[in-house]
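Student: Pasting in a structure now, in structure tokens, and then I'll have a few things to ask.
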Amino acid sequence: MVARYSLQSTVKGETDPVTLIIHQTADTNEQLELLLAVEGAKTLKLVPGRDLDGAKIMMRAGASFSRHQGVRLSNGFNVVDPSTWHRQGIGTVALNLMVDWAKRHHPDADIRPVELKRYKQDVEDDDPRLAFYRRFNLQWDLADQDEDAVNLLSLPMKVRDLQAVPLPSRLTLLP
């Protein structure tokens, strides 16, 4: 599957809409793999091996299922790169697709805790990463987190309790 979105970017230097391309490289009962790329952006340079038919790959995202561990909503690479392109809706598109995949294939499965790297000891409840995941109904109890832990772990939950979120108005699905 390939989906294309018109994206009116808020990135400095981008004045025209660019195209967000979602290329699904795997969609099975066991895994979902996605490449998310941007085409037509003035501020991005193509790098051999990091492009998709002339579009700059911004994220490699994926989800997987294990009957022993449940659904994992990350392949370890769910980060938009470069960071100047954060807050454009790219991650929201990716996680919505992963939530849809998980609910379609494994609605009664447990979700493996989402792990967020701890960048500072006193993580504030308003950390933008927590706010992003909370929109999908993932939750953290920061008071219960081990202060010496390298990662913050989301609370246990079932796939059926996840929710997709609306896309920003600057993203429009193209026919």
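Chain labels follow the order of the structure tokens: the first chain is A, the next B, and so on; residue numbering restarts at 1 in every chain, and ligands are counted from 1 in their shown order.
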Dump as JSON lines the rows for residues of segment 58-128 of chain A within 12 Å of segment 135-140 of chain A: closest atom pair and distance in Å with one decimal, only C-alpha atoms counted, ordered by chain and rising residue number.
Tutor:
{"residue": "A:Leu73", "atom": "CA", "partner": "A:Leu138", "partner_atom": "CA", "distance": 10.8}
{"residue": "A:Gly91", "atom": "CA", "partner": "A:Phe136", "partner_atom": "CA", "distance": 11.7}
{"residue": "A:Thr92", "atom": "CA", "partner": "A:Phe136", "partner_atom": "CA", "distance": 9.2}
{"residue": "A:Val93", "atom": "CA", "partner": "A:Phe136", "partner_atom": "CA", "distance": 11.7}
{"residue": "A:Ala94", "atom": "CA", "partner": "A:Phe136", "partner_atom": "CA", "distance": 11.8}
{"residue": "A:Leu95", "atom": "CA", "partner": "A:Phe136", "partner_atom": "CA", "distance": 8.3}
{"residue": "A:Asn96", "atom": "CA", "partner": "A:Phe136", "partner_atom": "CA", "distance": 8.3}
{"residue": "A:Leu97", "atom": "CA", "partner": "A:Phe136", "partner_atom": "CA", "distance": 11.6}
{"residue": "A:Met98", "atom": "CA", "partner": "A:Phe136", "partner_atom": "CA", "distance": 10.8}
{"residue": "A:Val99", "atom": "CA", "partner": "A:Phe136", "partner_atom": "CA", "distance": 8.3}
{"residue": "A:Asp100", "atom": "CA", "partner": "A:Phe136", "partner_atom": "CA", "distance": 11.2}
{"residue": "A:Ile111", "atom": "CA", "partner": "A:Leu138", "partner_atom": "CA", "distance": 9.6}
{"residue": "A:Arg112", "atom": "CA", "partner": "A:Leu138", "partner_atom": "CA", "distance": 10.9}
{"residue": "A:Pro113", "atom": "CA", "partner": "A:Leu138", "partner_atom": "CA", "distance": 9.0}
{"residue": "A:Val114", "atom": "CA", "partner": "A:Leu138", "partner_atom": "CA", "distance": 8.3}
{"residue": "A:Glu115", "atom": "CA", "partner": "A:Trp140", "partner_atom": "CA", "distance": 10.2}
{"residue": "A:Leu116", "atom": "CA", "partner": "A:Trp140", "partner_atom": "CA", "distance": 10.4}
{"residue": "A:Val123", "atom": "CA", "partner": "A:Trp140", "partner_atom": "CA", "distance": 11.2}
{"residue": "A:Glu124", "atom": "CA", "partner": "A:Trp140", "partner_atom": "CA", "distance": 11.3}
{"residue": "A:Asp125", "atom": "CA", "partner": "A:Trp140", "partner_atom": "CA", "distance": 9.0}
{"residue": "A:Asp126", "atom": "CA", "partner": "A:Trp140", "partner_atom": "CA", "distance": 11.6}
{"residue": "A:Asp127", "atom": "CA", "partner": "A:Trp140", "partner_atom": "CA", "distance": 11.3}
{"residue": "A:Pro128", "atom": "CA", "partner": "A:Arg135", "partner_atom": "CA", "distance": 10.9}
Student: Skip Glu30 of chain A itself and residues of its chain fewer than 3 positions away, then list as a PDB file with N, CA, C and O atoms, in the first residue's frame all residues within 8 Å of it, counting only C-alpha atoms.
Tutor:
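Output file around_37.pdb follows:
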ATOM      1  N   ASP A  27       2.615  -6.039   5.856  1.00  0.00           N
ATOM      2  CA  ASP A  27       1.361  -5.998   6.606  1.00  0.00           C
ATOM      3  C   ASP A  27       0.873  -7.434   6.723  1.00  0.00           C
ATOM      4  O   ASP A  27       0.154  -7.938   5.868  1.00  0.00           O
ATOM      5  N   SER A  64       4.662  -5.002  15.830  1.00  0.00           N
ATOM      6  CA  SER A  64       4.782  -6.457  15.701  1.00  0.00           C
ATOM      7  C   SER A  64       3.959  -7.148  16.783  1.00  0.00           C
ATOM      8  O   SER A  64       3.536  -6.529  17.753  1.00  0.00           O
ATOM      9  N   PHE A  65       3.762  -8.463  16.580  1.00  0.00           N
ATOM     10  CA  PHE A  65       2.998  -9.258  17.529  1.00  0.00           C
ATOM     11  C   PHE A  65       3.760 -10.516  17.885  1.00  0.00           C
ATOM     12  O   PHE A  65       4.344 -11.178  17.025  1.00  0.00           O
ATOM     13  N   SER A  66       3.747 -10.826  19.175  1.00  0.00           N
ATOM     14  CA  SER A  66       4.286 -12.082  19.685  1.00  0.00           C
ATOM     15  C   SER A  66       3.211 -12.678  20.592  1.00  0.00           C
ATOM     16  O   SER A  66       2.679 -11.972  21.453  1.00  0.00           O
TER      17      SER A  66
END
Student: Residues of segment 27-99 of chain A classed as strand (DSSP E or B) by DSSP on the backbone are to be reported as a count of residues only.
Tutor: 27
Student: If we count only C-alpha atoms and set the cut-off at 12 Å, which residues sit around Val80 of chain A, ignoring sequence neighbours fewer than 5 positions away in its own chain? Please answer as an MDAnalysis selection string.
Tutor: chainID A and resid 35:38 56:61 85:95
Student: Grab the residues selected above and save them as a PDB file, in the first residue's frame with N, CA, C and O atoms.
Tutor:
ATOM      1  N   LEU A  35       7.458   2.903   5.772  1.00  0.00           N
ATOM      2  CA  LEU A  35       8.428   3.947   5.468  1.00  0.00           C
ATOM      3  C   LEU A  35       7.619   5.214   5.236  1.00  0.00           C
ATOM      4  O   LEU A  35       6.673   5.205   4.439  1.00  0.00           O
ATOM      5  N   LEU A  36       7.960   6.287   5.919  1.00  0.00           N
ATOM      6  CA  LEU A  36       7.288   7.561   5.727  1.00  0.00           C
ATOM      7  C   LEU A  36       8.306   8.527   5.148  1.00  0.00           C
ATOM      8  O   LEU A  36       9.380   8.731   5.724  1.00  0.00           O
ATOM      9  N   ALA A  37       7.979   9.098   4.000  1.00  0.00           N
ATOM     10  CA  ALA A  37       8.920   9.951   3.281  1.00  0.00           C
ATOM     11  C   ALA A  37       8.238  11.245   2.873  1.00  0.00           C
ATOM     12  O   ALA A  37       7.020  11.312   2.738  1.00  0.00           O
ATOM     13  N   VAL A  38       9.044  12.284   2.669  1.00  0.00           N
ATOM     14  CA  VAL A  38       8.547  13.587   2.233  1.00  0.00           C
ATOM     15  C   VAL A  38       9.163  13.909   0.882  1.00  0.00           C
ATOM     16  O   VAL A  38      10.372  13.773   0.687  1.00  0.00           O
ATOM     17  N   LYS A  56      12.575  11.964   0.560  1.00  0.00           N
ATOM     18  CA  LYS A  56      13.432  11.792   1.738  1.00  0.00           C
ATOM     19  C   LYS A  56      12.698  10.988   2.814  1.00  0.00           C
ATOM     20  O   LYS A  56      11.613  11.373   3.253  1.00  0.00           O
ATOM     21  N   ILE A  57      13.265   9.848   3.207  1.00  0.00           N
ATOM     22  CA  ILE A  57      12.669   9.030   4.272  1.00  0.00           C
ATOM     23  C   ILE A  57      12.830   9.771   5.594  1.00  0.00           C
ATOM     24  O   ILE A  57      13.929  10.130   6.002  1.00  0.00           O
ATOM     25  N   MET A  58      11.699  10.008   6.263  1.00  0.00           N
ATOM     26  CA  MET A  58      11.683  10.728   7.535  1.00  0.00           C
ATOM     27  C   MET A  58      11.558   9.776   8.722  1.00  0.00           C
ATOM     28  O   MET A  58      11.965  10.106   9.821  1.00  0.00           O
ATOM     29  N   MET A  59      10.939   8.609   8.487  1.00  0.00           N
ATOM     30  CA  MET A  59      10.691   7.681   9.593  1.00  0.00           C
ATOM     31  C   MET A  59      10.545   6.265   9.044  1.00  0.00           C
ATOM     32  O   MET A  59       9.951   6.050   8.004  1.00  0.00           O
ATOM     33  N   ARG A  60      11.122   5.319   9.786  1.00  0.00           N
ATOM     34  CA  ARG A  60      10.882   3.900   9.563  1.00  0.00           C
ATOM     35  C   ARG A  60      10.118   3.441  10.792  1.00  0.00           C
ATOM     36  O   ARG A  60      10.661   3.458  11.888  1.00  0.00           O
ATOM     37  N   ALA A  61       8.871   3.096  10.592  1.00  0.00           N
ATOM     38  CA  ALA A  61       8.014   2.751  11.730  1.00  0.00           C
ATOM     39  C   ALA A  61       7.505   1.331  11.575  1.00  0.00           C
ATOM     40  O   ALA A  61       7.454   0.797  10.473  1.00  0.00           O
ATOM     41  N   TRP A  85      11.463  18.621  11.558  1.00  0.00           N
ATOM     42  CA  TRP A  85      10.187  18.189  11.005  1.00  0.00           C
ATOM     43  C   TRP A  85       9.263  17.574  12.054  1.00  0.00           C
ATOM     44  O   TRP A  85       8.230  17.008  11.722  1.00  0.00           O
ATOM     45  N   HIS A  86       9.611  17.665  13.354  1.00  0.00           N
ATOM     46  CA  HIS A  86       8.693  17.225  14.405  1.00  0.00           C
ATOM     47  C   HIS A  86       7.461  18.126  14.376  1.00  0.00           C
ATOM     48  O   HIS A  86       7.526  19.268  13.938  1.00  0.00           O
ATOM     49  N   ARG A  87       6.357  17.618  14.884  1.00  0.00           N
ATOM     50  CA  ARG A  87       5.102  18.356  15.038  1.00  0.00           C
ATOM     51  C   ARG A  87       4.448  18.716  13.704  1.00  0.00           C
ATOM     52  O   ARG A  87       3.742  19.713  13.598  1.00  0.00           O
ATOM     53  N   GLN A  88       4.673  17.870  12.692  1.00  0.00           N
ATOM     54  CA  GLN A  88       4.041  18.074  11.388  1.00  0.00           C
ATOM     55  C   GLN A  88       2.902  17.095  11.141  1.00  0.00           C
ATOM     56  O   GLN A  88       2.207  17.198  10.147  1.00  0.00           O
ATOM     57  N   GLY A  89       2.724  16.110  12.026  1.00  0.00           N
ATOM     58  CA  GLY A  89       1.683  15.102  11.864  1.00  0.00           C
ATOM     59  C   GLY A  89       2.195  13.784  11.308  1.00  0.00           C
ATOM     60  O   GLY A  89       1.429  12.829  11.157  1.00  0.00           O
ATOM     61  N   ILE A  90       3.492  13.709  11.008  1.00  0.00           N
ATOM     62  CA  ILE A  90       4.077  12.496  10.427  1.00  0.00           C
ATOM     63  C   ILE A  90       3.978  11.334  11.419  1.00  0.00           C
ATOM     64  O   ILE A  90       3.562  10.231  11.064  1.00  0.00           O
ATOM     65  N   GLY A  91       4.348  11.566  12.664  1.00  0.00           N
ATOM     66  CA  GLY A  91       4.255  10.527  13.690  1.00  0.00           C
ATOM     67  C   GLY A  91       2.812  10.121  13.967  1.00  0.00           C
ATOM     68  O   GLY A  91       2.530   8.945  14.225  1.00  0.00           O
ATOM     69  N   THR A  92       1.893  11.074  13.896  1.00  0.00           N
ATOM     70  CA  THR A  92       0.477  10.768  14.117  1.00  0.00           C
ATOM     71  C   THR A  92      -0.044   9.831  13.036  1.00  0.00           C
ATOM     72  O   THR A  92      -0.754   8.867  13.326  1.00  0.00           O
ATOM     73  N   VAL A  93       0.315  10.103  11.776  1.00  0.00           N
ATOM     74  CA  VAL A  93      -0.084   9.211  10.687  1.00  0.00           C
ATOM     75  C   VAL A  93       0.455   7.807  10.961  1.00  0.00           C
ATOM     76  O   VAL A  93      -0.278   6.820  10.865  1.00  0.00           O
ATOM     77  N   ALA A  94       1.736   7.708  11.316  1.00  0.00           N
ATOM     78  CA  ALA A  94       2.360   6.397  11.549  1.00  0.00           C
ATOM     79  C   ALA A  94       1.683   5.648  12.693  1.00  0.00           C
ATOM     80  O   ALA A  94       1.331   4.470  12.555  1.00  0.00           O
ATOM     81  N   LEU A  95       1.483   6.307  13.824  1.00  0.00           N
ATOM     82  CA  LEU A  95       0.897   5.611  14.969  1.00  0.00           C
ATOM     83  C   LEU A  95      -0.571   5.266  14.720  1.00  0.00           C
ATOM     84  O   LEU A  95      -1.032   4.201  15.140  1.00  0.00           O
TER      85      LEU A  95
END
Student: If DSSP is run on the backbone, what residues of chain A are alpha helix (DSSP H)? A reply as a VMD selection string would be ideal.
Tutor: chain A and resid 90 to 105 128 to 134
Student: Those selected residues, please, written with C-alpha atoms and delivered as an mmCIF file, in the first residue's frame.
Tutor:
data_model
loop_
_atom_site.group_PDB
_atom_site.id
_atom_site.type_symbol
_atom_site.label_atom_id
_atom_site.label_comp_id
_atom_site.auth_asym_id
_atom_site.auth_seq_id
_atom_site.Cartn_x
_atom_site.Cartn_y
_atom_site.Cartn_z
ATOM 1 C CA ILE A 90 4.077 12.496 10.427
ATOM 2 C CA GLY A 91 4.255 10.527 13.690
ATOM 3 C CA THR A 92 0.477 10.768 14.117
ATOM 4 C CA VAL A 93 -0.084 9.211 10.687
ATOM 5 C CA ALA A 94 2.360 6.397 11.549
ATOM 6 C CA LEU A 95 0.897 5.611 14.969
ATOM 7 C CA ASN A 96 -2.666 5.755 13.628
ATOM 8 C CA LEU A 97 -1.692 3.105 11.073
ATOM 9 C CA MET A 98 -0.083 0.968 13.795
ATOM 10 C CA VAL A 99 -3.171 1.290 16.033
ATOM 11 C CA ASP A 100 -5.402 0.318 13.101
ATOM 12 C CA TRP A 101 -3.195 -2.704 12.328
ATOM 13 C CA ALA A 102 -3.146 -3.851 15.978
ATOM 14 C CA LYS A 103 -6.920 -3.480 16.394
ATOM 15 C CA ARG A 104 -7.571 -5.304 13.118
ATOM 16 C CA HIS A 105 -5.322 -8.292 13.910
ATOM 17 C CA PRO A 128 5.730 16.427 24.700
ATOM 18 C CA ARG A 129 6.446 12.740 24.058
ATOM 19 C CA LEU A 130 4.061 11.718 26.841
ATOM 20 C CA ALA A 131 1.429 14.131 25.511
ATOM 21 C CA PHE A 132 1.792 12.612 22.029
ATOM 22 C CA TYR A 133 1.246 9.018 23.204
ATOM 23 C CA ARG A 134 -1.503 9.962 25.656
#
Student: Could you list, as a short mmCIF file (atom, residue, chain, number, x, y, z; two decimals) with N, CA and C atoms, in the first residue's frame, every residue within 8 Å of Ala109 of chain A, counting only C-alpha atoms and ignoring same-chain residues fewer than 5 positions away?
Tutor:
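The file below, selection_38.cif, is the result:
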data_model
loop_
_atom_site.label_atom_id
_atom_site.label_comp_id
_atom_site.auth_asym_id
_atom_site.auth_seq_id
_atom_site.Cartn_x
_atom_site.Cartn_y
_atom_site.Cartn_z
N GLY A 70 2.67 -10.09 23.31
CA GLY A 70 1.64 -9.16 22.86
C GLY A 70 2.10 -8.28 21.72
N VAL A 71 1.46 -7.13 21.60
CA VAL A 71 1.72 -6.19 20.51
C VAL A 71 2.76 -5.16 20.94
N LYS A 158 -4.78 -3.13 27.01
CA LYS A 158 -5.17 -3.99 25.90
C LYS A 158 -5.23 -3.16 24.62
N VAL A 159 -5.02 -3.84 23.50
CA VAL A 159 -5.08 -3.19 22.19
C VAL A 159 -6.43 -2.52 22.00
N ARG A 160 -7.51 -3.18 22.39
CA ARG A 160 -8.86 -2.64 22.17
C ARG A 160 -9.05 -1.27 22.82
#
Student: Excluding Gly62 of chain A and any residue of its chain fewer than 2 positions from it, enumerate the residues within 6 Å of it, using only C-alpha atoms, and give them as number ranges by chain.
Tutor: A: 32-34, 74-75
Student: Could you write those residues out with N, CA and C atoms, as an mmCIF file, in the first residue's frame?
Tutor:
data_model
loop_
_atom_site.group_PDB
_atom_site.id
_atom_site.type_symbol
_atom_site.label_atom_id
_atom_site.label_comp_id
_atom_site.auth_asym_id
_atom_site.auth_seq_id
_atom_site.Cartn_x
_atom_site.Cartn_y
_atom_site.Cartn_z
ATOM 1 N N LEU A 32 3.811 -5.077 10.971
ATOM 2 C CA LEU A 32 3.517 -3.972 10.081
ATOM 3 C C LEU A 32 4.800 -3.159 9.985
ATOM 4 N N GLU A 33 5.232 -2.879 8.763
ATOM 5 C CA GLU A 33 6.425 -2.050 8.563
ATOM 6 C C GLU A 33 6.065 -0.926 7.609
ATOM 7 N N LEU A 34 6.481 0.279 7.969
ATOM 8 C CA LEU A 34 6.163 1.467 7.200
ATOM 9 C C LEU A 34 7.413 2.297 6.938
ATOM 10 N N SER A 74 6.223 -0.371 18.248
ATOM 11 C CA SER A 74 7.442 0.293 17.822
ATOM 12 C C SER A 74 8.391 -0.752 17.285
ATOM 13 N N ASN A 75 9.185 -0.329 16.330
ATOM 14 C CA ASN A 75 10.264 -1.197 15.866
ATOM 15 C C ASN A 75 11.596 -0.633 16.329
#
Student: So how many Å separate atom CA of Ala143 of chain A and atom CA of Asn78 of chain A, to one decimal?
Tutor: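 Distance between the two atoms: 25.6 Å.
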